[in-house]
Each structure stands twice: as structure tokens, then as C-alpha cells.
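Okay, upload_6.csv now, which holds CSV, C-alpha atoms:
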```csv
chain,number,residue,atom,x,y,z
B,1,MET,CA,-18.7,-20.2,14.0
B,2,GLU,CA,-21.3,-17.4,13.8
B,3,MET,CA,-21.7,-16.1,10.2
B,4,THR,CA,-23.1,-12.6,9.8
B,5,VAL,CA,-24.6,-11.2,6.7
B,6,PHE,CA,-24.4,-7.4,6.4
B,7,GLY,CA,-26.8,-6.1,3.8
B,8,ASP,CA,-29.2,-7.8,1.4
B,9,PRO,CA,-27.7,-10.8,-0.3
B,10,ASN,CA,-30.2,-10.5,-3.1
B,11,ASN,CA,-28.6,-7.1,-3.9
B,12,PHE,CA,-25.3,-6.3,-2.1
B,13,ALA,CA,-24.0,-7.8,1.1
B,14,LEU,CA,-20.8,-8.7,3.0
B,15,ILE,CA,-20.5,-12.1,4.7
B,16,ALA,CA,-18.0,-12.4,7.5
B,17,ALA,CA,-17.3,-14.9,10.3
B,18,SER,CA,-14.4,-15.7,12.5
B,19,VAL,CA,-13.6,-19.4,12.4
B,20,ARG,CA,-12.1,-20.6,15.7
B,21,SER,CA,-10.6,-23.8,14.3
B,22,TRP,CA,-8.6,-21.6,11.8
B,23,ASN,CA,-6.9,-19.7,14.6
B,24,GLU,CA,-4.1,-21.1,16.7
B,25,LYS,CA,-4.8,-18.7,19.5
B,26,PRO,CA,-8.0,-16.8,20.3
B,27,GLY,CA,-8.4,-13.5,18.5
B,28,ALA,CA,-6.0,-14.4,15.7
B,29,GLY,CA,-8.5,-13.1,13.2
B,30,ASN,CA,-8.8,-15.8,10.6
B,31,GLY,CA,-12.2,-16.5,9.1
B,32,ILE,CA,-14.3,-16.1,6.0
B,33,PHE,CA,-15.1,-12.9,4.1
B,34,HIS,CA,-17.2,-12.7,1.0
B,35,PHE,CA,-19.1,-10.2,-1.1
B,36,VAL,CA,-22.5,-11.0,-2.3
B,37,VAL,CA,-23.6,-9.2,-5.5
B,38,ASP,CA,-27.0,-9.9,-7.0
B,39,GLY,CA,-27.2,-13.2,-5.1
B,40,ARG,CA,-23.8,-14.5,-6.2
B,41,VAL,CA,-21.1,-15.1,-3.6
B,42,PHE,CA,-17.5,-13.9,-4.3
B,43,PRO,CA,-15.3,-15.9,-4.0
B,44,ARG,CA,-17.4,-19.0,-4.6
B,45,ARG,CA,-15.5,-21.2,-2.1
B,46,ALA,CA,-14.7,-20.6,1.5
B,47,ARG,CA,-11.1,-19.9,2.1
B,48,VAL,CA,-9.1,-18.5,5.0
B,49,SER,CA,-9.3,-14.7,5.2
B,50,THR,CA,-7.3,-12.5,7.5
B,51,LEU,CA,-10.4,-10.6,8.6
B,52,SER,CA,-8.5,-7.6,9.8
B,53,ALA,CA,-6.9,-7.2,6.3
B,54,ASP,CA,-10.2,-7.7,4.4
B,55,ILE,CA,-12.3,-5.5,6.6
B,56,GLY,CA,-9.4,-3.0,6.9
B,57,SER,CA,-9.3,-2.6,3.1
B,58,LEU,CA,-12.8,-1.1,3.3
B,59,SER,CA,-11.3,2.2,4.1
B,60,PRO,CA,-10.3,5.3,2.2
B,61,GLY,CA,-8.7,4.2,-1.1
B,62,ASN,CA,-11.4,1.6,-1.6
B,63,ALA,CA,-14.2,2.6,-4.1
B,64,LEU,CA,-16.9,1.4,-1.7
B,65,VAL,CA,-15.7,4.1,0.6
B,66,ASP,CA,-14.4,6.8,-1.7
B,67,LEU,CA,-17.4,6.5,-4.1
B,68,PRO,CA,-15.7,7.7,-7.3
B,69,GLU,CA,-17.8,8.8,-10.3
B,70,ASN,CA,-17.4,8.1,-14.0
B,71,SER,CA,-20.1,9.1,-16.4
B,72,GLU,CA,-18.6,7.0,-19.1
B,73,VAL,CA,-18.9,3.8,-17.0
B,74,SER,CA,-22.4,4.5,-15.7
B,75,SER,CA,-23.8,4.4,-19.3
B,76,LEU,CA,-22.2,1.0,-20.2
B,77,ASP,CA,-23.9,-2.4,-19.7
B,78,ALA,CA,-22.6,-4.5,-16.8
B,79,ASP,CA,-20.2,-6.6,-18.9
B,80,ASP,CA,-18.7,-3.7,-20.8
B,81,ALA,CA,-18.4,-1.6,-17.6
B,82,PHE,CA,-16.6,-4.4,-15.7
B,83,ARG,CA,-14.2,-5.1,-18.6
B,84,PHE,CA,-13.5,-1.3,-18.9
B,85,LEU,CA,-12.7,-1.0,-15.2
B,86,LEU,CA,-10.6,-4.2,-15.1
B,87,ASN,CA,-8.7,-3.2,-18.2
B,88,GLY,CA,-7.9,0.1,-16.5
B,89,MET,CA,-6.5,-1.7,-13.4
B,90,LEU,CA,-5.1,-5.0,-14.7
B,91,PRO,CA,-5.3,-5.1,-18.5
B,92,TYR,CA,-3.1,-8.2,-18.8
B,93,ILE,CA,-6.0,-10.4,-17.4
B,94,LEU,CA,-8.2,-9.9,-20.5
B,95,MET,CA,-6.0,-8.3,-23.1
B,96,ASP,CA,-3.1,-9.6,-25.1
B,97,GLU,CA,0.2,-8.0,-24.1
B,98,ASP,CA,0.5,-6.2,-27.5
B,99,GLU,CA,-2.9,-4.5,-27.0
B,100,ILE,CA,-1.7,-2.8,-23.8
B,101,PRO,CA,-0.3,0.7,-24.5
B,102,GLU,CA,3.4,1.2,-23.6
B,103,ASP,CA,2.4,4.3,-21.5
B,104,PHE,CA,-0.3,2.4,-19.6
B,105,GLN,CA,-0.9,3.7,-16.0
B,106,THR,CA,-2.6,1.4,-13.6
B,107,ASP,CA,-5.8,2.9,-12.1
B,108,TYR,CA,-7.1,1.5,-8.8
B,109,THR,CA,-9.7,4.3,-8.4
B,110,PHE,CA,-12.7,2.0,-8.8
B,111,GLN,CA,-11.3,-1.1,-7.1
B,112,ALA,CA,-13.8,-2.4,-4.4
B,113,SER,CA,-12.5,-6.0,-4.0
B,114,THR,CA,-10.4,-7.2,-1.1
B,115,ASN,CA,-7.4,-9.6,-1.0
B,116,ASN,CA,-9.7,-12.5,-0.2
B,117,LEU,CA,-11.6,-11.9,-3.4
B,118,GLU,CA,-8.7,-11.2,-5.6
B,119,ASP,CA,-6.7,-14.2,-4.4
B,120,GLU,CA,-9.5,-16.3,-6.0
B,121,ASN,CA,-9.6,-14.3,-9.2
B,122,CYS,CA,-12.7,-12.4,-8.2
B,123,PHE,CA,-12.7,-8.6,-8.8
B,124,ALA,CA,-15.3,-6.0,-7.7
B,125,PHE,CA,-15.6,-2.4,-8.7
B,126,ALA,CA,-17.8,0.5,-7.5
B,127,VAL,CA,-18.9,3.6,-9.3
B,128,ARG,CA,-21.1,6.3,-7.8
B,129,VAL,CA,-24.0,7.5,-10.0
B,130,GLY,CA,-25.9,10.3,-8.2
B,131,ASN,CA,-27.2,8.9,-4.9
B,132,GLN,CA,-26.6,5.3,-5.9
B,133,VAL,CA,-23.5,3.1,-6.1
B,134,ARG,CA,-23.2,0.6,-8.9
B,135,VAL,CA,-21.2,-2.5,-7.8
B,136,LEU,CA,-19.9,-4.9,-10.4
B,137,ALA,CA,-18.2,-8.2,-9.5
B,138,ALA,CA,-17.1,-11.2,-11.4
B,139,GLU,CA,-14.9,-14.3,-11.1
B,140,ILE,CA,-12.4,-14.6,-14.0
B,141,VAL,CA,-11.7,-18.1,-15.2
B,142,PRO,CA,-9.5,-19.4,-18.0
B,143,ASP,CA,-11.3,-20.3,-21.2
B,144,PRO,CA,-9.5,-23.3,-22.8
B,145,CYS,CA,-11.5,-22.8,-26.0
B,146,ALA,CA,-10.1,-19.3,-26.5
B,147,GLU,CA,-6.4,-19.9,-26.1
B,148,GLY,CA,-6.2,-18.7,-22.5
B,149,LYS,CA,-8.7,-15.8,-22.7
B,150,CYS,CA,-10.9,-15.5,-19.7
B,151,LEU,CA,-14.6,-15.9,-19.2
B,152,VAL,CA,-16.2,-13.3,-17.1
B,153,ASP,CA,-19.7,-13.6,-15.7
B,154,VAL,CA,-20.5,-10.2,-14.2
B,155,SER,CA,-23.0,-9.6,-11.4
B,156,GLU,CA,-24.3,-6.1,-10.8
B,157,ALA,CA,-26.0,-4.4,-7.9
B,158,TRP,CA,-27.3,-0.9,-7.3
B,159,ILE,CA,-27.3,0.4,-3.7
B,160,ASP,CA,-28.1,3.7,-2.0
B,161,LEU,CA,-25.1,5.6,-0.7
B,162,ARG,CA,-26.4,5.6,2.9
B,163,GLU,CA,-27.3,1.9,2.8
B,164,LEU,CA,-23.8,1.0,1.6
B,165,ALA,CA,-22.1,3.2,4.3
B,166,GLU,CA,-24.3,1.5,6.9
B,167,ILE,CA,-23.3,-2.0,5.7
B,168,ILE,CA,-19.6,-1.2,5.8
B,169,ASP,CA,-19.9,0.5,9.2
B,170,LEU,CA,-21.8,-2.5,10.7
B,171,ALA,CA,-19.3,-5.0,9.4
B,172,LYS,CA,-16.4,-3.0,10.7
B,173,GLU,CA,-18.0,-2.7,14.1
B,174,ALA,CA,-19.0,-6.3,14.3
B,175,LEU,CA,-15.5,-7.6,13.4
B,176,LYS,CA,-13.9,-5.1,15.8
B,177,ASN,CA,-15.9,-6.7,18.5
B,178,LEU,CA,-14.6,-10.2,17.6
B,179,SER,CA,-11.2,-8.9,18.9
B,180,ILE,CA,-9.5,-9.7,15.7
```

What does the file become when written as C-alpha cells?
Amino acid sequence: MEMTVFGDPNNFALIAASVRSWNEKPGAGNGIFHFVVDGRVFPRRARVSTLSADIGSLSPGNALVDLPENSEVSSLDADDAFRFLLNGMLPYILMDEDEIPEDFQTDYTFQASTNNLEDENCFAFAVRVGNQVRVLAAEIVPDPCAEGKCLVDVSEAWIDLRELAEIIDLAKEALKNLSI
């Protein structure tokens, strides 16, 4: 297995590798796929990723590609910004059901995470601020002391628009060459 890191793992990076022993036939496309935000790996443990699905999700519709802006989010601290974005997409994770408005409309505009991350309760969001992209990621875990509420430890990275596009393009090209 050759693992490749695309980007700077001390800021923002993608880690991807095809794992031959996880594939019944060559080119089946199973491997590992992770985000690294501010030195933290999401998800924390290696798990089987369908690489074509994870890398394929980094296309239009994903905030790392579409680069949506939101001036309200850009002024919030990392924890508050993450909670705001998660509550806009999946409010039931952090909010009590009676706190969610009846007319709630799910908003995936800022979703950057892929299936591999979300299957492990890791979520990532991206917001463009000028020529920079703010990436927020966190793993959500149950808090037994708070009657099921979740603990969120948010990591944050700021990355130049061109650098982000290069990371995504390099990852797509490399995984395409693996014949997944």
C-alpha cells in the first residue's frame, strides 16, 4: 500500500491509498481516505473507503469545490461556526427535537465531508472568505454526562483558493491513475 498525502497535514490535506488486500480483484477501488485539518485526521481510524465515491464527491455540489460564502459564518469562532453549519444541515445531531423549527429546510451548501468521514460521525464544512477557504472539521461523539448530547472538538484550517484546488486536482488525478 502506498499512501499519498495531498497538501500540508499541518493545515489541510487529503490522505488516500488503495489497499490491495481490501480488494477481491485488482482495481476494485477500496482503500483509505481521510481529511487532515490542523494536524488532526478525520476519521481517526482507518476504515474501508470506496475511493471512487469519496474522491468523486469532491466535485460540484461539495463546498471544497463550489466555495460558498457566508459573511455571518466567517466572523464566528471555529466552534460556533461549526455548530451553526451542522445545525443547518443536520440539526438533530446537536439539538433537541423540539428546538428544530417545523419548517426547517436542510442546507448542504457548506458540506465538505465525504461518506467515509460521515460514516464515522466526522463532518467537515468549507466557507470561502475572500481568497481563502475556511475548513472546519470535527468528530461528534456522545457525551454520557449530558444525557446524549454530543461533544464536538473542532479543528480549523485556512487555505488559499488555488492551493485547495490543486490539492483536489492532484488527488483526483492520482486516484484515477490507480484504475479505481

Excluding Ala17 in chain B and its own-chain neighbours fewer than 4 positions away, which residues fall within 10 Å of it when counting all atoms listed in the file? Please give them as a ChimeraX atom specification. /B:1-5,29-34,49,51,174-175,178

Distance query range 157-166 of chain B at most 6 Å, only C-alpha atoms, self and fewer than 3 positions along chain excluded, as a list in words: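 These residues fall inside the cut-off: Asn11, Val37, Asp38, Asn131, Gln132, Val133, Arg134, Val135 and Asp169 of chain B.
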
Residues within 10 Å of Arg44 in chain B, please, as a short mmCIF file (atom, residue, chain, number, x, y, z; two decimals) with C-alpha atoms, in the coordinates of the input. Count all atoms listed in the file; anything in the same chain fewer than 2 positions from it doesn't count.
```cif
data_model
loop_
_atom_site.label_atom_id
_atom_site.label_comp_id
_atom_site.auth_asym_id
_atom_site.auth_seq_id
_atom_site.Cartn_x
_atom_site.Cartn_y
_atom_site.Cartn_z
CA HIS B 34 -17.20 -12.70 1.00
CA PHE B 35 -19.10 -10.20 -1.10
CA VAL B 36 -22.50 -11.00 -2.30
CA ARG B 40 -23.80 -14.50 -6.20
CA VAL B 41 -21.10 -15.10 -3.60
CA PHE B 42 -17.50 -13.90 -4.30
CA ALA B 46 -14.70 -20.60 1.50
CA ARG B 47 -11.10 -19.90 2.10
CA LEU B 117 -11.60 -11.90 -3.40
CA GLU B 120 -9.50 -16.30 -6.00
CA CYS B 122 -12.70 -12.40 -8.20
CA GLU B 139 -14.90 -14.30 -11.10
#
```

To one decimal place, how far is CA of Ala63 in chain B from CA of Ala112 in chain B in Å? 5.0 Å

Can you measure CA of Ile140 in chain B to CA of Phe110 in chain B for me? One decimal in Å is fine.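 About the pair CA of Ile140 in chain B and CA of Phe110 in chain B: they are 17.4 Å apart.
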
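In this comparison, which uses only C-alpha atoms, the residue of B:Leu136, B:Val129, B:Leu14, B:Cys150 approaching Asp79 in chain B most closely is B:Leu136.
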
Residues within 7 Å of range 52-55 of chain B, all atoms listed in the file, excluding chain neighbours under 5 positions, as a list in words: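 Near neighbours after the sequence-gap exclusion: Gly29, Thr114, Asn115, Asn116, Lys172 and Ile180 of chain B.
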
Give as a PyMOL selection string every residue, naming chains and numbers as the document does, that has an atom within 8 Å of (-16.4, -0.7, -1.1), counting all atoms listed in the file. chain B and resi 58-59+62-67+111-113+125-126+168

Of the candidates B:Ala137, B:Leu94, B:Val127, B:Gly7, which shows the shortest atom-to-atom distance to Glu156 in chain B, using only C-alpha atoms? B:Ala137

Can you list every residue of range 106-171 of chain B that has an atom at most 6 Å from range 84-89 of chain B, with its nearest atom pair and the distance in Å to one decimal, using all atoms listed in the file, ordered by chain then number, as JSON lines?
```
{"residue": "B:Thr106", "atom": "CA", "partner": "B:Met89", "partner_atom": "CA", "distance": 5.0}
{"residue": "B:Asp107", "atom": "CA", "partner": "B:Met89", "partner_atom": "CA", "distance": 4.8}
{"residue": "B:Tyr108", "atom": "CA", "partner": "B:Met89", "partner_atom": "CA", "distance": 5.6}
```

Give the answer as one residue: which of B:Ser57, B:Asn70, B:Asn10, B:Ser21 has the shortest atom-to-atom distance to Gly130 in chain B, using all atoms listed in the file? B:Asn70

What is the distance, in Å and to one decimal place, between CA of Ala138 in chain B and CA of Phe104 in chain B?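 Interatomic distance here is 23.1 Å.
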